[in-house]
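K.L.:
For reference, the structure I am asking about is given below.
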Amino acid sequence: MKFTRRTILAAASATALLAQPFAAAAQELPGNVRLVIGSTSTGGDTYQNSSIVADALSEHLGINIKVDAVGATEAFKALDRDSRGTTLMIFHDQSYLGNLYGVRGYQDIFENYTVGPTVAINPGNAYLVPKDSPYQSMDDILTAAENGERVRVAIQPGGVSEIGFSAMKNAARVRAPGSEENIVAVNTGSQSDKNQAMWDDLADVINGSIQANEQFTQLPEDDQKAMEFVWITARPSTLEQAPAEGMGDTTRDELLQYASPETSVTLDGEQDFTFDKEFFFLFNPEMDPAIVEQIDTALTEIFEAGEIQERQKASFFIPNFLPSDEAREHLQNKRGTYEQVIEEISTES
Amino acid sequence: MEFFDLVTPLFLALIVGGTFVGVVFGAIPGMTATMAVAVCLPLTYSLGLENGLALLLGLYVGGISGGLVPAILLGIPGTPSSITTTFDGYPMSQKGEGEKALRIGICASFVGGIISLAALYLFAPALADFAIRFSYVEKFLIILFALTVMGALSNSMLLGIFSGFLGIFISLIGVYDISDGGNGEIRLVPPGTEYWLEGGFALLPVLIGLFGLAAILEEAERGVPEGHSADTVKLGKSSSFSFSVFRGQLVNLVRSSGIGTFVGILPGVGGSAASILAYSNAKTFSKKPESFGNGEPEGLMASEAGNNGLTGGALVPLLSLGIPGDSTTALLIGAFTLQGIQVGPLFIGNNPETWNAMIFAMVIANIAMFAMMYFAIRYFAMVVTVPKHVLFPIILMMCVIGAYTINYGIMFDVWTLLIFGLFGWLVVKLRLEVAPFIIGFILGPSAEVYFIKSLESFGDLTIFFTKSWIAMVLWVLIAGSVIGSVMLSRKRRTATEQPA
């Protein structure tokens with residue numbers, strides 16, 4: 001075969017023509033996407049939330065998205081390996097709190113990844129005491145610390161469970177410097193361990209959630225298992241949107257009594273500390289920005305259609321869509337606040 | 001809604017279908033009941049609560065029960081909780097009694113499932129109240145009790161105990177996870193391997209590597225004899241199954257089912273401990289402990305009654321406290337949450353129809369499991385008639401797929417399978433013992449967490465003796481098991497020395 005200039009030009013044009021769809025495909029999500037999450041549980045809130053979002057995105061974009069509960073360390077590794085958009089991640093505030101608390105495997109997500117859109121809030125983060133406890137409110141707890149009493153708080157260290165504990169210490173520091181030393185952590189694991197720590201009298205206060213602990217608050221005082229909320233960390237505006245089904249027999253008004261401003265855990269003597277557990281996307285930093293834009297646009301349309309909100313509410317999530325840019329700014333500000341709290345109590349101690 | 005309104009043809013079909021799929025998952029090495037429930041959980045959203053639970057409970061019962069098939073026929077535990085089933089089930093299969101062993105296992109599974117279900121239905125809240133008396137100290141002692149079986153399972157006690165401790169040591173490689181209340185730091189990881197070993201070795205790839213791949217390597221080393229390309233094991237009629245095999249085994253079955261149920265109600269202790277404890281007790285109380293490990297039906301019954309006893313037990317803390325008893329029931333919480341239902345101490349009282357539907361679904365699932373496995377046993381047992389040159393590549397492929405999917409697509413799990421396959425092959429040559437090794441590996445992480453948390457919480461070692469009357473009872477059982485193991489070892493040594 002003889003290669004003339006015309007043949008070469010024709011071949012080049014054909015190649016360019018054929019390559020076009022591939023170049024275009026590179027700017028879009030591929031047909032099969034793996035959505036890794038920072039939890040290993042397929043029964044937990046991260047999985048449920050991610051499934052709802054994955055289903056909606058799959059349907060809207062006509063692609064396959066599979067949620068894989070590989071856990072934080074493996075999820076970050078999988079995200080590091082893939083910049084084509086084949087692997088995406090959904091996680092919550094633990095992703096940056098782990099880094100703030102120096103937990104192994106957690107890098108600074110704002111430096112090492114692209115923070116994507118937020119999708120939902122789980123408003124349930126709470127602190128509880130035994131029903132017959134001498135402490136019936138956060139004020140009792142902080143006053144006790146001020147009076148030199150040691151208050152033991154059962155948490156899972158290094159993240160969402162610890163941030164409320166850090167806030168308690170910070171509030172004690174603001175009220176009476178030095179009293180924060182009397183609020184001490186009891187490091188436990190799962191919710192079961194935290195409950196058990198209370199029943200074994202190893203902890204005076206435990207971290208829990210509205211969903212997991214509300215029924216224990218309905219038990220009579222003489223039941224060893226009976227508990228009482230003392231603090232719900234969510235913003236009041238968040239709790240006002242929380243679906244009633246997830247509150248059990250406790251009314252919204254009753255729950256609001258345990259949240260700011262009725263229950264005050266001060267941040268700086270003026271504002272109250274609040275914490276909402278927010279779920280958001282994380283992307284490989286090298287991923288094409290066009291894909292981020294595609295996901296933002298798709299989610300905007302999905303949330304405008306309104307069906308996803310119903311599914312989220314049915315599972316006790318509060319719909320909370322913010323496009324990537326807004327989400328990044330919001331989460332960076334949030335991280336800044338918590339960083340300050342952690343620094344304050346570390347400096348003092 | 002009345003209970004009988006819930007029992008529709010769809011409800012029944014979902015239980016039976018779920019049980020069937022569960023049995024298939026359990027029967028494939030590397031696939032577990034947990035995986036079956038995880039895969040089907042999203043389907044329950046559109047099914048509604050009771051129908052969704054019918055499907056999941058069927059999967060749960062089927063998945064736990066199906067594990068006995070590869071354990072008996074191939075010597076590979078289909079699920080971690082069927083580890084002790086391999087000890088006597090596989091030797092029976094090698095003697096041509098595979099079908100008999102399967103029938104014994106299925107009957108024992110059924111008894112275990114039904115007894116635990118009765119305990120769940122009649123005593124759930126009371127059992128949950130009792131379970132919360134078990135703090136870190138008592139849970140550590142239960143694990144220690146289960147670990148004492150290492151000595152009893154060994155041919156050479158010293159090598160057995162060494163192998164067990166080696167298993168514990170290897171199980172601790174990796175991070176002391178913050179989700180266990182640890183400090184998040186890694187230990188025992190050689191420099192340069194942190195990227196892979198941070199999370200340690202996952203249990204299931206280790207299990208199928210040690211029991212599946214290692215056996216294939218041994219067979220490969222032995223080679224296929226000339227002219228025996230279709231080298232098969234006959235199903236055998238040397239000793240056909242008869243219900244008379246259960247004569248005198250009532251105590252064993254009830255005790256083992258009770259142990260399974262009891263371990264199930266303790267959150268975090270884990271299903272594997274149930275069958276190990278049941279097996280250990282059966283051996284301690286047996287009139288012929290020396291035959292355990294060589295194809296003793298009594299051991300097989302104990303193991304299967306124990307691990308199916310877990311199914312009802314693990315639902316006790318879930319439905320009475322909102323706390324899952326094992327990894328599979330942890331997923332069931334997801335099914336409740338998907339339907340906007342909270343589980344906790346008020347669940348049973350507030351949702352009597354759902355509660356009754358769950359119990360009914362469990363009864364039907366157990367009956368369906370029994371029927372489909374008992375009468376289909378011939379077909380299951382046919383697997384041993386498949387020529388090994390065909391069977392082994394299939395098993396290997398299933399092992400690799402199972403290892404890769406168990407943690408939702410982590411390639412290091414496949415390497416773990418291969419590493420422990422080679423290790424299992426070498427262990428035999430080094431005269432170490434696989435059974436105590438794997439028991440140490442399974443129980444090591446729990447033993448560590450409960451031991452450290454006991455000391456962190458209560459201060460010093462005396463707490464293990466002074467914490468409660470439960471702790472004292474457990475010490476008596478531990479002492480009894482150790483003494484029993486030593487006596488058995490001496491008896492075995494005397495028997496070996498006599499012919500010489």
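Note on naming: chains are A, B, ... as they come in the structure tokens, residues start from 1 per chain, ligands start from 1 in the order shown.
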Residues within 7 Å of Arg150 in chain A, please, as an MDAnalysis selection string. Count only C-alpha atoms; anything in the same chain fewer than 3 positions from it doesn't count.
P.N.:
chainID A and resid 145 182:183
K.L.:
Can you pull out every residue from range 102-335 of chain B that DSSP, working from the backbone, puts in helix (DSSP H, G or I), and format the result as JSON, numbers by chain?
P.N.:
{"B": [102, 103, 104, 105, 106, 107, 108, 109, 110, 111, 112, 113, 114, 115, 116, 117, 118, 119, 120, 121, 122, 123, 124, 125, 126, 127, 128, 129, 130, 131, 136, 137, 138, 139, 140, 141, 142, 143, 144, 145, 146, 147, 149, 150, 151, 152, 157, 158, 159, 160, 161, 162, 163, 164, 165, 166, 167, 168, 169, 170, 171, 178, 179, 180, 194, 195, 196, 197, 203, 204, 205, 206, 207, 208, 209, 210, 211, 212, 213, 214, 215, 216, 217, 218, 219, 220, 221, 222, 243, 244, 245, 246, 250, 251, 252, 253, 254, 255, 256, 257, 258, 259, 260, 261, 262, 263, 264, 265, 271, 272, 273, 274, 275, 276, 277, 278, 279, 280, 281, 282, 283, 284, 285, 289, 290, 291, 297, 298, 299, 300, 301, 302, 303, 304, 305, 306, 307, 308, 309, 310, 311, 312, 313, 314, 315, 316, 317, 318, 319, 320, 321, 327, 328, 329, 330, 331, 332, 333, 334, 335]}
K.L.:
Looking at only C-alpha atoms, which of A:Glu304, A:Glu310, A:Asp204, A:Glu228 is the one that sits closest to Val151 in chain A?
P.N.:
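Checking each candidate against Val151 in chain A, we get A:Asp204 as the closest.
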K.L.:
Using only C-alpha atoms, pick whichever of B:Thr494, B:Ser256, B:Ser291, B:Gln339 has the shortest atom-to-atom distance to chain A.
P.N.:
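Smallest distance to chain A is found for B:Gln339.
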K.L.:
Would you mind telling me which residue in A:Phe279, A:Tyr127, A:Tyr47, A:Phe273 lies nearest to chain B when using only C-alpha atoms?
P.N.:
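Nearest candidate to chain B out of A:Phe279, A:Tyr127, A:Tyr47, A:Phe273: A:Tyr47.
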K.L.:
Kindly indicate which residue among B:Ile106, B:Val316, B:Leu346, B:Leu59 lies nearest to chain A, using only C-alpha atoms for the distances.
P.N.:
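Among the listed residues, the smallest separation from chain A belongs to B:Leu346.
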K.L.:
Could you list, as number ranges by chain, every residue of chain A that has an atom within 8 Å of an atom of chain B, counting only C-alpha atoms?
P.N.:
A: 40-44, 48, 68-70, 74, 103-104, 156-158, 187-192, 196, 199-200, 202, 211-213, 215-216, 219, 245-246, 248, 314-316
K.L.:
Quick one: everything within 8 Å of range 94-102 of chain A, counting only C-alpha atoms, minus sequence neighbours fewer than 6 positions away in the same chain. Send it as a list of chain:residue names.
P.N.:
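Near range 94-102 of chain A, the qualifying residues are A:Gly38, A:Ala72, A:Asp108, A:Ile109, A:Gly158, A:Gly159, A:Val160, A:Ile163, A:Arg335, A:Glu339, A:Ile342.
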K.L.:
Save the residues we just selected, N, CA and C atoms, as an mmCIF file, in the first residue's frame?
P.N.:
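What ended up in selection.cif:
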```
data_model
loop_
_atom_site.group_PDB
_atom_site.id
_atom_site.type_symbol
_atom_site.label_atom_id
_atom_site.label_comp_id
_atom_site.auth_asym_id
_atom_site.auth_seq_id
_atom_site.Cartn_x
_atom_site.Cartn_y
_atom_site.Cartn_z
ATOM 1 N N GLY A 38 -16.715 6.236 53.478
ATOM 2 C CA GLY A 38 -15.747 6.169 54.572
ATOM 3 C C GLY A 38 -16.164 5.275 55.714
ATOM 4 N N ALA A 72 -12.843 4.343 55.655
ATOM 5 C CA ALA A 72 -12.150 5.590 55.323
ATOM 6 C C ALA A 72 -10.787 5.359 54.669
ATOM 7 N N ASP A 108 -5.437 16.282 55.011
ATOM 8 C CA ASP A 108 -6.267 17.483 54.920
ATOM 9 C C ASP A 108 -7.068 17.396 53.627
ATOM 10 N N ILE A 109 -8.375 17.195 53.734
ATOM 11 C CA ILE A 109 -9.187 16.988 52.521
ATOM 12 C C ILE A 109 -9.229 18.237 51.648
ATOM 13 N N GLY A 158 -11.432 10.738 68.102
ATOM 14 C CA GLY A 158 -10.889 11.065 66.790
ATOM 15 C C GLY A 158 -11.871 11.506 65.736
ATOM 16 N N GLY A 159 -13.028 12.037 66.118
ATOM 17 C CA GLY A 159 -13.931 12.460 65.055
ATOM 18 C C GLY A 159 -15.233 13.026 65.556
ATOM 19 N N VAL A 160 -16.314 12.610 64.869
ATOM 20 C CA VAL A 160 -17.648 13.157 65.128
ATOM 21 C C VAL A 160 -18.056 13.001 66.592
ATOM 22 N N ILE A 163 -15.979 15.586 68.840
ATOM 23 C CA ILE A 163 -16.046 17.043 68.693
ATOM 24 C C ILE A 163 -16.968 17.679 69.750
ATOM 25 N N ARG A 335 -14.829 23.746 59.457
ATOM 26 C CA ARG A 335 -13.581 23.148 59.921
ATOM 27 C C ARG A 335 -12.784 24.161 60.747
ATOM 28 N N GLU A 339 -11.430 23.617 64.446
ATOM 29 C CA GLU A 339 -9.976 23.640 64.618
ATOM 30 C C GLU A 339 -9.620 24.546 65.799
ATOM 31 N N ILE A 342 -10.485 22.878 69.130
ATOM 32 C CA ILE A 342 -9.499 21.843 69.490
ATOM 33 C C ILE A 342 -8.186 22.492 69.922
#
```
K.L.:
As a ChimeraX atom specification, please: the residues near Glu270 in chain A (cut-off 12 Å, only C-alpha atoms, same-chain neighbours under 5 positions excluded).
P.N.:
/A:171,174-175,261,264-265
K.L.:
Give me the residues within 10 Å of Lys288 in chain B as a CSV table (one decimal) with N, CA, C and O atoms, in the first residue's frame, counting only C-alpha atoms and dropping any in the same chain fewer than 4 places off.
P.N.:
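As a result, out.csv now contains:
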```csv
chain,number,residue,atom,x,y,z
B,283,LYS,N,-16.7,-31.5,73.6
B,283,LYS,CA,-15.5,-32.3,73.8
B,283,LYS,C,-15.2,-32.6,75.3
B,283,LYS,O,-14.9,-33.7,75.7
B,284,THR,N,-15.3,-31.5,76.1
B,284,THR,CA,-15.1,-31.7,77.5
B,284,THR,C,-16.0,-32.7,78.2
B,284,THR,O,-15.6,-33.5,79.0
B,292,PHE,N,-12.8,-36.8,68.8
B,292,PHE,CA,-13.1,-35.4,68.2
B,292,PHE,C,-12.0,-35.0,67.3
B,292,PHE,O,-10.8,-35.2,67.6
B,296,GLU,N,-16.1,-37.2,64.4
B,296,GLU,CA,-17.1,-37.6,65.5
B,296,GLU,C,-18.4,-36.8,65.3
B,296,GLU,O,-18.4,-35.6,65.4
B,298,GLU,N,-20.7,-36.2,67.2
B,298,GLU,CA,-21.1,-35.4,68.4
B,298,GLU,C,-20.5,-34.0,68.2
B,298,GLU,O,-21.1,-33.0,68.6
B,488,LEU,N,-6.7,-34.9,78.6
B,488,LEU,CA,-6.8,-35.5,77.2
B,488,LEU,C,-5.5,-35.7,76.5
B,488,LEU,O,-5.2,-36.7,75.9
```
K.L.:
Nearest residue to Thr86 in chain A out of A:Gln309, A:Thr274, A:Asn284, A:Asn122, using only C-alpha atoms?
P.N.:
A:Asn284
